[in-house]
Structures are given as structure tokens and as C-alpha cells.
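Okay, coords.csv now, which holds CSV, C-alpha atoms and all ligand atoms:
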chain,number,residue,atom,x,y,z
A,24,MET,CA,87.2,64.9,117.7
A,25,SER,CA,86.1,67.9,119.9
A,26,ALA,CA,85.3,71.3,118.4
A,27,MET,CA,88.4,72.8,120.2
A,28,THR,CA,90.7,70.2,118.6
A,29,SER,CA,89.4,70.7,115.1
A,30,LEU,CA,89.7,74.5,115.5
A,31,PHE,CA,93.2,74.1,116.6
A,32,ARG,CA,94.0,72.0,113.6
A,33,VAL,CA,92.5,74.6,111.2
A,34,VAL,CA,94.6,77.3,112.8
A,35,LEU,CA,97.8,75.1,112.6
A,36,THR,CA,97.1,74.2,108.9
A,37,ALA,CA,96.6,77.9,108.1
A,38,LEU,CA,99.9,78.8,109.8
A,39,THR,CA,101.7,76.1,107.9
A,40,MET,CA,100.2,77.3,104.6
A,41,ILE,CA,101.3,80.8,105.3
A,42,THR,CA,104.9,79.6,106.1
A,43,ILE,CA,105.0,77.6,102.9
A,44,PHE,CA,103.8,80.5,100.8
A,45,THR,CA,106.2,82.8,102.4
A,46,GLY,CA,109.0,80.3,101.8
A,47,LEU,CA,108.1,80.1,98.2
A,48,ALA,CA,108.0,83.8,97.9
A,49,PHE,CA,111.4,84.1,99.5
A,50,ALA,CA,112.8,81.5,97.2
A,51,GLN,CA,111.9,83.4,94.0
A,52,ASN,CA,112.2,86.8,95.4
A,53,VAL,CA,115.0,89.3,94.8
A,54,GLY,CA,114.4,92.9,95.4
A,55,MET,CA,110.8,93.1,94.4
A,56,PRO,CA,107.3,91.8,95.4
A,57,VAL,CA,106.2,88.5,93.8
A,58,ASP,CA,102.8,86.9,93.3
A,59,LYS,CA,101.1,85.4,96.4
A,60,GLN,CA,103.9,86.8,98.6
A,61,THR,CA,102.7,87.2,102.2
A,62,GLY,CA,106.0,87.9,104.0
A,63,PHE,CA,108.7,90.5,103.6
A,64,GLN,CA,111.1,90.7,100.6
A,65,THR,CA,114.4,88.8,101.0
A,66,PRO,CA,116.5,90.9,103.3
A,67,VAL,CA,119.9,92.0,102.0
A,68,THR,CA,121.0,94.1,104.9
A,69,GLY,CA,121.6,93.4,108.6
A,70,VAL,CA,118.9,95.9,109.5
A,71,MET,CA,116.3,94.1,107.3
A,72,GLU,CA,117.3,90.7,108.8
A,73,PHE,CA,116.7,92.2,112.2
A,74,ILE,CA,113.3,93.5,111.2
A,75,VAL,CA,112.3,90.1,109.8
A,76,ASP,CA,113.4,88.2,112.9
A,77,PHE,CA,111.8,90.8,115.3
A,78,GLU,CA,108.5,90.7,113.4
A,79,GLY,CA,108.6,86.9,113.4
A,80,ALA,CA,109.1,86.8,117.2
A,81,LEU,CA,106.4,89.4,117.8
A,82,ASN,CA,104.0,87.5,115.6
A,83,TYR,CA,104.4,84.4,117.8
A,84,LEU,CA,103.9,86.5,120.9
A,85,ILE,CA,100.8,88.0,119.5
A,86,ILE,CA,99.4,84.6,118.5
A,87,PHE,CA,100.1,83.3,122.0
A,88,ILE,CA,98.4,86.2,123.7
A,89,THR,CA,95.4,86.1,121.3
A,90,LEU,CA,94.9,82.4,121.9
A,91,PHE,CA,95.3,82.8,125.7
A,92,VAL,CA,92.7,85.6,125.9
A,93,PHE,CA,90.4,83.6,123.6
A,94,ALA,CA,90.8,80.5,125.9
A,95,LEU,CA,90.0,82.7,129.0
A,96,LEU,CA,86.9,84.1,127.3
A,97,ALA,CA,85.7,80.7,126.2
A,98,TYR,CA,86.2,79.4,129.7
A,99,VAL,CA,84.2,82.2,131.3
A,100,MET,CA,81.5,82.0,128.7
A,101,VAL,CA,80.9,78.3,129.4
A,102,LYS,CA,81.6,78.2,133.1
A,103,PHE,CA,79.5,81.2,134.0
A,104,ARG,CA,76.7,80.8,131.5
A,105,ALA,CA,73.2,82.1,132.6
A,106,SER,CA,71.6,78.6,132.7
A,107,LYS,CA,74.1,77.4,135.3
A,108,ASN,CA,74.3,80.7,137.3
A,109,GLN,CA,70.8,81.7,138.2
A,110,GLU,CA,72.2,83.7,141.1
A,111,PRO,CA,75.4,85.5,139.9
A,112,SER,CA,78.3,85.9,142.3
A,113,LYS,CA,78.7,89.5,143.8
A,114,ARG,CA,82.5,89.3,144.0
A,115,THR,CA,84.2,92.5,142.6
A,116,HIS,CA,87.9,92.7,143.6
A,117,ASN,CA,90.9,90.5,143.6
A,118,THR,CA,94.0,92.3,144.4
A,119,LEU,CA,96.5,89.7,143.3
A,120,LEU,CA,94.7,89.3,140.0
A,121,GLU,CA,94.6,93.0,139.4
A,122,VAL,CA,98.3,93.5,140.1
A,123,ALA,CA,99.1,90.5,137.8
A,124,TRP,CA,97.1,91.7,134.8
A,125,THR,CA,98.7,95.1,135.1
A,126,ALA,CA,102.3,94.0,135.8
A,127,ILE,CA,102.5,91.2,133.2
A,128,PRO,CA,101.5,93.3,130.2
A,129,VAL,CA,103.9,96.0,131.4
A,130,LEU,CA,106.7,93.3,131.5
A,131,ILE,CA,105.8,92.1,128.0
A,132,LEU,CA,105.9,95.7,126.7
A,133,MET,CA,109.3,96.2,128.3
A,134,VAL,CA,110.7,93.0,126.8
A,135,MET,CA,109.4,94.1,123.4
A,136,ALA,CA,110.8,97.6,123.8
A,137,ILE,CA,114.4,96.5,124.2
A,138,PRO,CA,115.0,95.0,120.7
A,139,SER,CA,112.7,97.7,119.3
A,140,PHE,CA,114.9,100.5,120.4
A,141,GLN,CA,118.0,98.6,119.4
A,142,LEU,CA,116.6,98.3,115.9
A,143,LEU,CA,115.7,102.0,115.8
A,144,TRP,CA,119.2,103.0,116.8
A,145,ASP,CA,120.7,100.6,114.3
A,146,GLN,CA,118.6,102.2,111.6
A,147,LYS,CA,119.2,105.7,112.5
A,148,ILE,CA,122.9,105.8,113.6
A,149,THR,CA,125.3,105.9,110.7
A,150,PRO,CA,128.2,103.5,111.1
A,151,ASP,CA,131.6,104.9,112.1
A,152,GLY,CA,133.7,101.8,112.1
A,153,GLU,CA,133.4,101.4,115.9
A,154,ARG,CA,129.7,100.8,116.7
A,155,GLU,CA,128.4,97.3,116.9
A,156,TYR,CA,125.3,96.5,114.9
A,157,ALA,CA,123.0,93.7,116.1
A,158,TYR,CA,123.0,91.7,112.8
A,159,ALA,CA,126.1,93.1,111.1
A,160,GLY,CA,128.7,93.6,113.8
A,161,LYS,CA,131.1,96.5,113.1
A,162,LEU,CA,130.5,98.3,109.9
A,163,PRO,CA,132.8,100.7,108.1
A,164,ALA,CA,132.1,104.4,107.9
A,165,PRO,CA,130.2,105.6,104.8
A,166,GLU,CA,132.3,105.6,101.6
A,167,VAL,CA,129.5,106.7,99.3
A,168,THR,CA,127.0,109.4,99.9
A,169,ILE,CA,123.8,109.7,98.0
A,170,LYS,CA,121.2,112.5,98.2
A,171,ALA,CA,117.7,111.5,97.1
A,172,ILE,CA,115.3,114.4,96.3
A,173,GLY,CA,111.6,113.6,95.9
A,174,ILE,CA,109.8,115.6,93.2
A,175,GLN,CA,106.3,115.4,92.0
A,176,TRP,CA,106.6,112.7,90.6
A,177,ALA,CA,110.0,111.2,90.3
A,178,TRP,CA,113.3,111.1,92.2
A,179,GLU,CA,116.5,113.1,91.6
A,180,PHE,CA,119.8,111.7,92.8
A,181,GLU,CA,123.0,113.5,93.6
A,182,TYR,CA,126.4,112.0,94.6
A,183,PRO,CA,127.7,115.0,96.6
A,184,ASP,CA,131.2,113.5,96.8
A,185,GLU,CA,131.5,113.2,93.0
A,186,GLU,CA,131.3,116.7,91.6
A,187,GLU,CA,128.3,117.4,89.4
A,188,LEU,CA,127.0,113.8,89.4
A,189,ALA,CA,123.3,114.3,89.5
A,190,PHE,CA,120.5,112.8,87.5
A,191,SER,CA,116.8,112.2,87.6
A,192,SER,CA,115.1,108.9,87.7
A,193,TYR,CA,111.7,108.5,86.0
A,194,MET,CA,109.5,105.4,85.8
A,195,LYS,CA,109.6,103.7,82.5
A,196,ALA,CA,106.3,103.6,80.5
A,197,ASP,CA,105.0,100.2,79.5
A,198,ASP,CA,106.2,100.5,76.0
A,199,GLU,CA,109.8,101.4,77.1
A,200,LEU,CA,110.3,98.2,79.2
A,201,GLU,CA,113.0,95.9,78.2
A,202,GLU,CA,113.0,92.1,78.6
A,203,GLY,CA,112.7,91.1,82.2
A,204,GLU,CA,112.0,94.5,83.6
A,205,PRO,CA,109.1,94.7,86.0
A,206,ARG,CA,106.2,97.1,85.2
A,207,LEU,CA,105.7,100.2,87.4
A,208,LEU,CA,109.0,99.6,89.1
A,209,SER,CA,111.6,100.0,86.4
A,210,VAL,CA,113.2,103.5,85.8
A,211,ASP,CA,115.3,105.1,83.2
A,212,ASN,CA,118.3,105.9,85.4
A,213,GLN,CA,119.1,103.5,88.2
A,214,VAL,CA,120.9,104.5,91.4
A,215,VAL,CA,124.2,102.5,91.5
A,216,VAL,CA,126.0,101.6,94.7
A,217,PRO,CA,128.9,99.2,95.5
A,218,VAL,CA,128.2,96.0,97.4
A,219,ASN,CA,129.4,95.5,101.1
A,220,THR,CA,129.9,99.3,101.3
A,221,THR,CA,128.3,101.6,103.8
A,222,VAL,CA,126.2,104.2,101.9
A,223,ARG,CA,125.0,107.4,103.6
A,224,LEU,CA,121.6,108.3,102.3
A,225,LEU,CA,120.4,111.9,102.6
A,226,VAL,CA,116.7,112.3,101.8
A,227,THR,CA,114.8,115.5,101.1
A,228,SER,CA,112.1,116.9,98.8
A,229,SER,CA,111.7,119.9,96.6
A,230,ASP,CA,108.0,120.2,96.8
A,231,VAL,CA,105.7,118.1,99.0
A,232,LEU,CA,106.2,115.2,101.4
A,233,HIS,CA,107.5,112.0,99.9
A,234,ALA,CA,109.1,109.0,101.4
A,235,PHE,CA,112.1,106.9,100.3
A,236,ALA,CA,111.4,103.2,100.9
A,237,MET,CA,113.5,100.2,100.0
A,238,PRO,CA,111.9,97.1,101.5
A,239,ALA,CA,114.9,94.7,101.0
A,240,PHE,CA,117.2,97.2,102.8
A,241,GLY,CA,114.9,98.0,105.7
A,242,VAL,CA,115.1,101.7,104.7
A,243,LYS,CA,112.1,104.0,104.9
A,244,VAL,CA,112.7,107.7,105.4
A,245,ASP,CA,110.4,110.7,104.9
A,246,ALA,CA,111.4,113.3,102.3
A,247,VAL,CA,110.6,116.6,103.8
A,248,PRO,CA,110.9,119.9,101.9
A,249,GLY,CA,113.4,122.2,103.6
A,250,ARG,CA,115.2,119.6,105.7
A,251,ILE,CA,117.5,116.7,105.2
A,252,ASN,CA,116.9,113.3,106.8
A,253,GLU,CA,119.9,111.0,107.1
A,254,THR,CA,120.0,107.2,107.1
A,255,TRP,CA,122.3,104.5,105.7
A,256,PHE,CA,122.5,101.0,104.3
A,257,ASN,CA,125.2,98.4,103.6
A,258,VAL,CA,124.0,95.8,101.1
A,259,LYS,CA,125.4,92.3,101.3
A,260,LYS,CA,124.3,91.0,97.9
A,261,GLU,CA,124.6,92.3,94.3
A,262,GLY,CA,121.4,92.7,92.4
A,263,ILE,CA,118.6,95.1,91.5
A,264,TYR,CA,116.3,96.2,94.2
A,265,TYR,CA,113.1,98.2,93.9
A,266,GLY,CA,111.3,100.5,96.2
A,267,GLN,CA,108.6,103.1,96.0
A,268,CYS,CA,107.5,106.4,97.4
A,269,SER,CA,105.7,105.7,100.6
A,270,GLU,CA,104.0,109.0,101.4
A,271,ILE,CA,100.9,110.0,99.5
A,272,CYS,CA,102.3,112.9,97.5
A,273,GLY,CA,99.7,113.6,94.9
A,274,LYS,CA,98.2,112.2,91.6
A,275,ASP,CA,101.2,110.2,90.4
A,276,HIS,CA,102.4,109.0,93.8
A,277,ALA,CA,102.1,105.4,92.6
A,278,PHE,CA,104.4,106.1,89.7
A,279,MET,CA,107.7,107.2,91.3
A,280,PRO,CA,109.5,103.9,91.9
A,281,ILE,CA,113.1,103.7,93.1
A,282,ALA,CA,115.6,101.2,91.5
A,283,VAL,CA,118.9,100.6,93.2
A,284,ARG,CA,121.5,98.5,91.4
A,285,VAL,CA,124.1,97.0,93.7
A,286,VAL,CA,127.3,96.0,91.9
A,287,SER,CA,130.9,95.1,92.7
A,288,LYS,CA,133.3,98.0,93.5
A,289,ASP,CA,135.0,97.5,90.2
A,290,ILE,CA,131.8,97.9,88.2
A,291,TYR,CA,130.7,100.8,90.4
A,292,ASN,CA,133.9,102.7,89.7
A,293,GLN,CA,133.6,102.1,85.9
A,294,TRP,CA,130.0,103.3,86.0
A,295,LEU,CA,131.0,106.3,88.1
A,296,ASN,CA,133.7,107.5,85.7
A,297,VAL,CA,131.3,107.5,82.7
A,298,ALA,CA,128.3,108.8,84.7
A,299,LYS,CA,130.1,112.0,85.6
A,300,VAL,CA,130.2,112.8,81.9
A,301,ASP,CA,127.1,111.2,80.4
A,302,ILE,CA,124.5,109.4,82.5
A,303,ASP,CA,122.8,107.7,79.4
A,304,GLU,CA,126.1,106.3,78.3
A,305,ALA,CA,126.8,105.1,81.9
A,306,GLY,CA,123.4,103.3,81.9
A,307,THR,CA,124.3,101.5,78.7
A,308,LEU,CA,127.7,100.5,80.1
A,309,LEU,CA,126.2,99.4,83.3
A,310,LYS,CA,123.8,97.1,81.5
A,311,GLN,CA,126.7,95.6,79.6
A,312,LEU,CA,128.9,95.1,82.6
A,313,VAL,CA,126.1,93.5,84.7
A,314,ALA,CA,125.3,91.1,81.8
A,315,GLU,CA,129.0,90.1,81.5
A,316,ASN,CA,129.3,89.7,85.2
A,317,GLN,CA,126.2,87.5,85.2
A,318,ILE,CA,127.7,85.2,82.5
A,319,LYS,CA,130.9,85.0,84.5
A,320,THR,CA,129.0,84.1,87.7
A,321,GLU,CA,127.0,81.4,86.0
A,322,ARG,CA,130.1,79.9,84.4
A,323,LEU,CA,131.7,79.7,87.9
A,324,ALA,CA,128.6,78.2,89.4
A,325,ARG,CA,128.6,75.5,86.7
A,326,ARG,CA,132.2,74.4,87.4
B,1,CU,CU,104.6,109.7,96.9
Just give me the structure of the file as C-alpha cells.
Ligand SMILES: [Cu+2]
Amino acid sequence: MSAMTSLFRVVLTALTMITIFTGLAFAQNVGMPVDKQTGFQTPVTGVMEFIVDFEGALNYLIIFITLFVFALLAYVMVKFRASKNQEPSKRTHNTLLEVAWTAIPVLILMVMAIPSFQLLWDQKITPDGEREYAYAGKLPAPEVTIKAIGIQWAWEFEYPDEEELAFSSYMKADDELEEGEPRLLSVDNQVVVPVNTTVRLLVTSSDVLHAFAMPAFGVKVDAVPGRINETWFNVKKEGIYYGQCSEICGKDHAFMPIAVRVVSKDIYNQWLNVAKVDIDEAGTLLKQLVAENQIKTERLARR
């Protein structure tokens, strides 16, 4: 077997391993990172599905370009090696080649730019019920608005449409964790939103720069003191999703996670009614409702 063929096999095996590991990670993964994960978290919004597919396509393009350039380099190194070219050629220009190696990369960049801008618009334009989204079609206008305020070092959440509903969300210490709760990601008060509902997300900060990032939603927005950034999400699947602050904001930057609980509209409304009065009690109720719902779903699945 030639050296080239064996190199090719090594590369191919590596790619297959990566695909398998990513697949494994995807299989177990809901809303948080898992051991040995190499890819993204499982996408639960159209925007994140778009990101995953776009990244995948670009990855193949990059691999192709890298191998092509590598092959050209190898060819030149062998064909024009010093021992075979005692008297080097004095050729300097080739118009056709120069036009081609300028025009082709420009074309590749243009092809990349089209979905890239579409993705950016999808992320930044809040649905109004009319606009078509690449991976989600038409989406309803926001029914819920959440304001996330970064503070050193936690998040505060307000539901501006629901009078006086505001609470802070602090990371749980190791000794406060309950069964099944991940370390460094679990919080005392989760953000609760209904499934299949467009949520407007307003992000700001009360002190320094922070960033609100939810990998499974494809959401990442800077939290800037003195101004409000707007984005949105519409989650397709109930569950608990974790994110983190993504802008170095000081000593405890690593300890201000975000936990978003996505539930049915019914559970959301029940939580909302109690949360307006007592956020701790609402948290207890939420836990109970989610557990009951889980038992119901499992029973249905078994049938
Ligand atoms: Cu931070």
C-alpha cells in the first residue's frame, strides 16, 4: 500500500470515529454537554438546526479545500525537487491561473455568504407570523417576553408582560444539588417558558459585559450595560436546557449558568400564576408538575 493510500485511510478512520462519537453524544444529550462530546448539543430550535447543518456543510468544504491544497503542495514538492531541477524554470506569470485563483475563492466565499446572512437574519429578526424561517417556516409573533439581566455573578429575570414577576437565578452550590442535577449548571430559580411558543428575549446587564448563551437554542447575545439587545427563540421540545455566561465578566464568570425549563402551555400557566406571588413555591410546584408529566409520558410510551 502506498504512503498516500495509508494516510487517506487514517484520515477516513479519524472522521468516522468523530462521527460515531458525535452520534453517541447526540443520543444521550439533552440540553447540556456530555462526556466525550465533540459536536454541538442536540438542537431544539430551527435556528440551531440551521447552525448544525451549515457548520457540517462548511466542514466538508474546509476538508476538501485543505486536502486539495495539500495535494498541490505535495505535487510541487515532488515534481520540482532540487535533485531533478538543477536549472530552475524562470517562468513568473500565468494570467489564466492568476484570474482563476482569485475568482474561485471569491465564488466560494459568496456561496458561503448566502446561507450565512440568511442565518444571521433568522437569528436577529423576531417572528411576526408572516416571515418565513429557513428551518421553521412561518412562526407566530412572540407570546412571552423575558428580560435577562446579567449581574456579577448571576442572572436576574423579568417577565415584563406579567406585572411584578421578577426573580434572580443563582448557581446551586455542590451541597444543594438534588438527584440528577448537573454540577455548575443547576440554579435555584429556573426560567420557565412554554413549548412551541415564540419567546422574545431581551438581554441587558446592570454592571459589566456578560453574554446570554443557550447552545441548544442557537442563542448567544451580549448583555451590555445601558442598552437592550433583542433576540428570540421557539423551542420544539420540552425539557431542561442549560447555558452559561459567554463573556468574561470577572472572578465568578464560570459560575453564572442559565437554566431554562421548557414545559407545556398548561404547566407554564400554572407555574406563572404561583410565580407571581411566590417564586419559591412556584419552583416546588414546577418540580412536582414536571415529575407528574414525566410519569404520564412514560406510561403513554409503554402502551
Ligand atoms: Cu460572564
Site check for ligand CU 1 (chain B): residues at most 8 Å away, all atoms listed in the file, as number ranges by chain: A: 175-176, 232-234, 267-273, 275-277, 279
Store the residues of this selection in a file with C-alpha atoms, as a short mmCIF file (atom, residue, chain, number, x, y, z; two decimals), in the frame of the given file.
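Contents of part.cif, as written:
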data_model
loop_
_atom_site.label_atom_id
_atom_site.label_comp_id
_atom_site.auth_asym_id
_atom_site.auth_seq_id
_atom_site.Cartn_x
_atom_site.Cartn_y
_atom_site.Cartn_z
CA GLN A 175 106.30 115.40 92.00
CA TRP A 176 106.60 112.70 90.60
CA LEU A 232 106.20 115.20 101.40
CA HIS A 233 107.50 112.00 99.90
CA ALA A 234 109.10 109.00 101.40
CA GLN A 267 108.60 103.10 96.00
CA CYS A 268 107.50 106.40 97.40
CA SER A 269 105.70 105.70 100.60
CA GLU A 270 104.00 109.00 101.40
CA ILE A 271 100.90 110.00 99.50
CA CYS A 272 102.30 112.90 97.50
CA GLY A 273 99.70 113.60 94.90
CA ASP A 275 101.20 110.20 90.40
CA HIS A 276 102.40 109.00 93.80
CA ALA A 277 102.10 105.40 92.60
CA MET A 279 107.70 107.20 91.30
#
So which residues touch Thr221 of chain A within 6 Å, counting all atoms listed in the file, skipping near sequence neighbours fewer than 3 positions away, as a list of chain:residue names?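 Selected residues are A:Pro165, A:Phe256, A:Asn257.
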Rounded to one decimal place, report the atom CA of Phe93 of chain A-atom CA of Ala123 of chain A distance in Å. 18.0 Å
Rank nothing, just name the residue among A:Lys113, A:Lys259, A:Lys299, A:Arg325 nearest to Phe190 of chain A, using all atoms listed in the file.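 Of A:Lys113, A:Lys259, A:Lys299, A:Arg325, the one nearest Phe190 of chain A, counting all atoms listed in the file, is A:Lys299.
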What lies within 7 Å of Pro66 of chain A using only C-alpha atoms, ignoring chain neighbours under 2 positions off, as number ranges by chain? A: 64, 68, 71-72, 239-240
Those residues you just picked out, can you put them in a file as an mmCIF file, in the coordinates of the input with C-alpha atoms?
data_model
loop_
_atom_site.group_PDB
_atom_site.id
_atom_site.type_symbol
_atom_site.label_atom_id
_atom_site.label_comp_id
_atom_site.auth_asym_id
_atom_site.auth_seq_id
_atom_site.Cartn_x
_atom_site.Cartn_y
_atom_site.Cartn_z
ATOM 1 C CA GLN A 64 111.100 90.700 100.600
ATOM 2 C CA THR A 68 121.000 94.100 104.900
ATOM 3 C CA MET A 71 116.300 94.100 107.300
ATOM 4 C CA GLU A 72 117.300 90.700 108.800
ATOM 5 C CA ALA A 239 114.900 94.700 101.000
ATOM 6 C CA PHE A 240 117.200 97.200 102.800
#
With distances taken over all atoms listed in the file, which residue among A:Glu153, A:Asp76, A:Glu199, A:Asp211 lies nearest Ala305 of chain A? A:Asp211
So which one's closest to Glu304 of chain A, A:Val285, A:Arg322, A:Tyr291, A:Asn212? Using only C-alpha atoms, please. A:Asn212
Choose the residue, out of A:Glu204, A:Glu253, A:Glu166, A:Asp198, that has the smallest atom-to-atom separation from Thr149 of chain A; count only C-alpha atoms. A:Glu253
Export segment 200-281 of chain A from the structure block above, keeping C-alpha atoms, as a PDB file, in the first residue's frame.
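The new file decode.pdb reads:
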ATOM      1  CA  LEU A 200     -27.741  19.762  44.313  1.00  0.00           C
ATOM      2  CA  GLU A 201     -30.635  17.354  44.128  1.00  0.00           C
ATOM      3  CA  GLU A 202     -30.660  13.913  42.481  1.00  0.00           C
ATOM      4  CA  GLY A 203     -29.849  14.164  38.773  1.00  0.00           C
ATOM      5  CA  GLU A 204     -28.938  17.850  38.778  1.00  0.00           C
ATOM      6  CA  PRO A 205     -25.683  18.660  36.981  1.00  0.00           C
ATOM      7  CA  ARG A 206     -22.882  20.413  38.884  1.00  0.00           C
ATOM      8  CA  LEU A 207     -22.062  24.033  37.920  1.00  0.00           C
ATOM      9  CA  LEU A 208     -25.161  24.288  35.701  1.00  0.00           C
ATOM     10  CA  SER A 209     -28.093  23.930  38.098  1.00  0.00           C
ATOM     11  CA  VAL A 210     -29.688  27.061  39.532  1.00  0.00           C
ATOM     12  CA  ASP A 211     -32.098  27.880  42.336  1.00  0.00           C
ATOM     13  CA  ASN A 212     -34.764  29.535  40.138  1.00  0.00           C
ATOM     14  CA  GLN A 213     -35.143  28.229  36.571  1.00  0.00           C
ATOM     15  CA  VAL A 214     -36.541  30.326  33.751  1.00  0.00           C
ATOM     16  CA  VAL A 215     -39.785  28.720  32.581  1.00  0.00           C
ATOM     17  CA  VAL A 216     -41.161  29.045  29.043  1.00  0.00           C
ATOM     18  CA  PRO A 217     -43.893  27.239  27.111  1.00  0.00           C
ATOM     19  CA  VAL A 218     -43.018  24.801  24.303  1.00  0.00           C
ATOM     20  CA  ASN A 219     -43.719  25.671  20.627  1.00  0.00           C
ATOM     21  CA  THR A 220     -44.156  29.303  21.573  1.00  0.00           C
ATOM     22  CA  THR A 221     -42.164  32.239  20.302  1.00  0.00           C
ATOM     23  CA  VAL A 222     -40.350  33.908  23.179  1.00  0.00           C
ATOM     24  CA  ARG A 223     -38.902  37.388  22.852  1.00  0.00           C
ATOM     25  CA  LEU A 224     -35.648  37.630  24.774  1.00  0.00           C
ATOM     26  CA  LEU A 225     -34.350  40.997  25.924  1.00  0.00           C
ATOM     27  CA  VAL A 226     -30.814  40.961  27.263  1.00  0.00           C
ATOM     28  CA  THR A 227     -29.007  43.601  29.256  1.00  0.00           C
ATOM     29  CA  SER A 228     -26.617  43.991  32.163  1.00  0.00           C
ATOM     30  CA  SER A 229     -26.530  46.051  35.312  1.00  0.00           C
ATOM     31  CA  ASP A 230     -22.755  46.194  35.719  1.00  0.00           C
ATOM     32  CA  VAL A 231     -20.220  44.827  33.207  1.00  0.00           C
ATOM     33  CA  LEU A 232     -20.448  42.961  29.891  1.00  0.00           C
ATOM     34  CA  HIS A 233     -21.970  39.489  30.119  1.00  0.00           C
ATOM     35  CA  ALA A 234     -23.429  37.266  27.393  1.00  0.00           C
ATOM     36  CA  PHE A 235     -26.533  35.112  27.415  1.00  0.00           C
ATOM     37  CA  ALA A 236     -25.808  31.815  25.646  1.00  0.00           C
ATOM     38  CA  MET A 237     -28.058  28.776  25.198  1.00  0.00           C
ATOM     39  CA  PRO A 238     -26.305  26.269  22.909  1.00  0.00           C
ATOM     40  CA  ALA A 239     -29.334  24.035  22.259  1.00  0.00           C
ATOM     41  CA  PHE A 240     -31.385  27.064  21.137  1.00  0.00           C
ATOM     42  CA  GLY A 241     -28.698  28.665  18.961  1.00  0.00           C
ATOM     43  CA  VAL A 242     -28.929  31.815  21.082  1.00  0.00           C
ATOM     44  CA  LYS A 243     -25.954  33.942  22.079  1.00  0.00           C
ATOM     45  CA  VAL A 244     -26.401  37.618  22.851  1.00  0.00           C
ATOM     46  CA  ASP A 245     -24.180  40.135  24.572  1.00  0.00           C
ATOM     47  CA  ALA A 246     -25.506  41.700  27.760  1.00  0.00           C
ATOM     48  CA  VAL A 247     -24.416  45.325  27.611  1.00  0.00           C
ATOM     49  CA  PRO A 248     -24.988  47.776  30.478  1.00  0.00           C
ATOM     50  CA  GLY A 249     -27.177  50.672  29.379  1.00  0.00           C
ATOM     51  CA  ARG A 250     -28.661  49.024  26.309  1.00  0.00           C
ATOM     52  CA  ILE A 251     -31.045  46.212  25.482  1.00  0.00           C
ATOM     53  CA  ASN A 252     -30.321  43.557  22.880  1.00  0.00           C
ATOM     54  CA  GLU A 253     -33.243  41.649  21.465  1.00  0.00           C
ATOM     55  CA  THR A 254     -33.420  38.117  20.129  1.00  0.00           C
ATOM     56  CA  TRP A 255     -35.952  35.277  20.215  1.00  0.00           C
ATOM     57  CA  PHE A 256     -36.380  31.522  20.340  1.00  0.00           C
ATOM     58  CA  ASN A 257     -39.124  28.961  19.786  1.00  0.00           C
ATOM     59  CA  VAL A 258     -38.314  25.607  21.387  1.00  0.00           C
ATOM     60  CA  LYS A 259     -39.729  22.425  19.824  1.00  0.00           C
ATOM     61  CA  LYS A 260     -39.139  20.031  22.676  1.00  0.00           C
ATOM     62  CA  GLU A 261     -39.966  20.089  26.384  1.00  0.00           C
ATOM     63  CA  GLY A 262     -37.045  19.632  28.741  1.00  0.00           C
ATOM     64  CA  ILE A 263     -34.386  21.385  30.765  1.00  0.00           C
ATOM     65  CA  TYR A 264     -31.710  23.269  28.873  1.00  0.00           C
ATOM     66  CA  TYR A 265     -28.539  24.773  30.252  1.00  0.00           C
ATOM     67  CA  GLY A 266     -26.411  27.671  29.097  1.00  0.00           C
ATOM     68  CA  GLN A 267     -23.685  29.854  30.538  1.00  0.00           C
ATOM     69  CA  CYS A 268     -22.436  33.393  30.532  1.00  0.00           C
ATOM     70  CA  SER A 269     -20.192  33.707  27.489  1.00  0.00           C
ATOM     71  CA  GLU A 270     -18.354  36.950  28.033  1.00  0.00           C
ATOM     72  CA  ILE A 271     -15.530  37.048  30.559  1.00  0.00           C
ATOM     73  CA  CYS A 272     -17.092  39.211  33.256  1.00  0.00           C
ATOM     74  CA  GLY A 273     -14.878  38.781  36.283  1.00  0.00           C
ATOM     75  CA  LYS A 274     -13.911  36.371  39.024  1.00  0.00           C
ATOM     76  CA  ASP A 275     -17.066  34.232  39.062  1.00  0.00           C
ATOM     77  CA  HIS A 276     -17.767  34.290  35.326  1.00  0.00           C
ATOM     78  CA  ALA A 277     -17.743  30.496  35.260  1.00  0.00           C
ATOM     79  CA  PHE A 278     -20.396  30.299  37.964  1.00  0.00           C
ATOM     80  CA  MET A 279     -23.399  32.068  36.461  1.00  0.00           C
ATOM     81  CA  PRO A 280     -25.201  29.350  34.491  1.00  0.00           C
ATOM     82  CA  ILE A 281     -28.608  29.708  32.858  1.00  0.00           C
TER      83      ILE A 281
END
